[in-house]
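Undergrad: Sending over a structure as structure tokens; questions will come in a sec.
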Amino acid sequence: TPQGEENSDEEEDAPSPGFWTTLLDGDLSHKTLLALLYCLLERSKQLVADRLCAVHAAQLYFVLLQIPGSGAFKIFHPMIFQKALDVFYMLPDRDIIRRRRSSARSTSGE
């Protein structure tokens, strides 16, 4: 087989670098990422578009907490964690939404 094919097989078998390694190699600071997420979470009380952005920021923060190595980078921060939880508490109650949908279906079905 040509050498080019062997190299591509070796590249496929090589473990991919971890998220934190990629972040460091990209010259991105985890502290800057956390600061950005906090700012997005802080804006959750404004426009609807900002609330949606805050929901995505909260989701991303919880994903970051689950990535192996997050403890070494001290990703957990009590204030950011609480802000992320608060974003989800501010979402409309799902039971209320379900009641509205079911009542809309019953009135449209009559």
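Identifiers in the structure tokens: chain A, B, ... in order shown; residue index from 1 per chain; ligand index from 1 in order shown.
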Applying 10 Å and only C-alpha atoms, which residues near range 78-83 of chain A remain after dropping the ones on its own chain fewer than 5 positions away? List them as a VMD selection string.

TA: chain A and resid 34 to 35 37 to 42 44 54 58 61 to 62 65 88 to 89

Undergrad: Keeping only N, CA, C and O atoms, write the selected residues as a compact mmCIF listing (two decimals), in the first residue's frame.

TA:
```txt
# COMPACT_ATOMS: atom_id res chain seq x y z
N LEU A 34 -15.71 31.32 30.84
CA LEU A 34 -16.60 31.42 32.00
C LEU A 34 -17.15 32.83 32.17
O LEU A 34 -18.33 33.00 32.50
N ALA A 35 -16.31 33.83 31.94
CA ALA A 35 -16.77 35.21 32.05
C ALA A 35 -17.84 35.51 31.00
O ALA A 35 -18.85 36.17 31.29
N LEU A 37 -19.88 33.29 29.59
CA LEU A 37 -21.09 32.58 29.99
C LEU A 37 -21.81 33.33 31.11
O LEU A 37 -23.04 33.45 31.08
N TYR A 38 -21.07 33.86 32.06
CA TYR A 38 -21.69 34.61 33.16
C TYR A 38 -22.41 35.85 32.61
O TYR A 38 -23.53 36.15 33.03
N CYS A 39 -21.77 36.55 31.69
CA CYS A 39 -22.41 37.75 31.11
C CYS A 39 -23.70 37.38 30.38
O CYS A 39 -24.70 38.09 30.48
N LEU A 40 -23.67 36.27 29.66
CA LEU A 40 -24.87 35.83 28.95
C LEU A 40 -25.97 35.42 29.93
O LEU A 40 -27.15 35.68 29.70
N LEU A 41 -25.58 34.78 31.02
CA LEU A 41 -26.55 34.39 32.04
C LEU A 41 -27.14 35.60 32.74
O LEU A 41 -28.32 35.62 33.09
N GLU A 42 -26.33 36.61 32.93
CA GLU A 42 -26.76 37.82 33.62
C GLU A 42 -27.82 38.59 32.82
O GLU A 42 -28.69 39.22 33.39
N SER A 44 -30.26 37.43 31.24
CA SER A 44 -31.46 36.59 31.07
C SER A 44 -32.75 37.30 31.45
O SER A 44 -33.83 36.82 31.12
N ALA A 54 -29.35 32.98 27.15
CA ALA A 54 -29.00 32.58 28.52
C ALA A 54 -29.27 31.10 28.75
O ALA A 54 -28.49 30.43 29.43
N ALA A 58 -26.48 28.47 29.83
CA ALA A 58 -26.63 27.58 31.00
C ALA A 58 -26.40 26.12 30.59
O ALA A 58 -25.72 25.38 31.30
N TYR A 61 -22.74 25.60 30.11
CA TYR A 61 -22.03 25.55 31.38
C TYR A 61 -22.17 24.17 32.02
O TYR A 61 -21.18 23.59 32.51
N PHE A 62 -23.36 23.61 32.00
CA PHE A 62 -23.55 22.28 32.59
C PHE A 62 -22.81 21.21 31.79
O PHE A 62 -22.30 20.24 32.37
N LEU A 65 -19.18 21.36 32.83
CA LEU A 65 -18.97 20.73 34.13
C LEU A 65 -18.82 19.22 34.01
O LEU A 65 -18.17 18.59 34.84
N PHE A 88 -33.11 28.45 34.37
CA PHE A 88 -34.11 27.40 34.16
C PHE A 88 -35.34 27.62 35.04
O PHE A 88 -36.44 27.26 34.65
N TYR A 89 -35.16 28.22 36.20
CA TYR A 89 -36.31 28.52 37.06
C TYR A 89 -37.19 29.60 36.44
O TYR A 89 -38.39 29.66 36.71
```

Undergrad: Under the rule that only C-alpha atoms are counted, which of A:Ala57, A:Val48, A:Ile75, A:Ile67 is the nearest residue to Ser29 in chain A?

TA: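 Selected residue with least distance to Ser29 in chain A: A:Ile75.
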
Undergrad: What is the CA of Cys53 in chain A-CA of Leu36 in chain A distance in Å, reported with one decimal?

TA: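 Going from CA of Cys53 in chain A over to CA of Leu36 in chain A covers 11.5 Å.
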
Undergrad: Please indicate the distance in Å from CA of Phe19 in chain A to CA of Leu52 in chain A, rounded to one decimal place.

TA: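 Between CA of Phe19 in chain A and CA of Leu52 in chain A the gap is 24.8 Å.
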
Undergrad: To one decimal place in Å, what is the distance between CA of Pro68 in chain A and CA of Thr32 in chain A?

TA: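 Answer for the CA of Pro68 in chain A to CA of Thr32 in chain A separation: 19.1 Å.
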
Undergrad: Pull the alpha helix (DSSP H) assignments for range 27-74 of chain A out of DSSP run on the backbone, and list those residues as a ChimeraX atom specification.

TA: /A:30-42,48-66
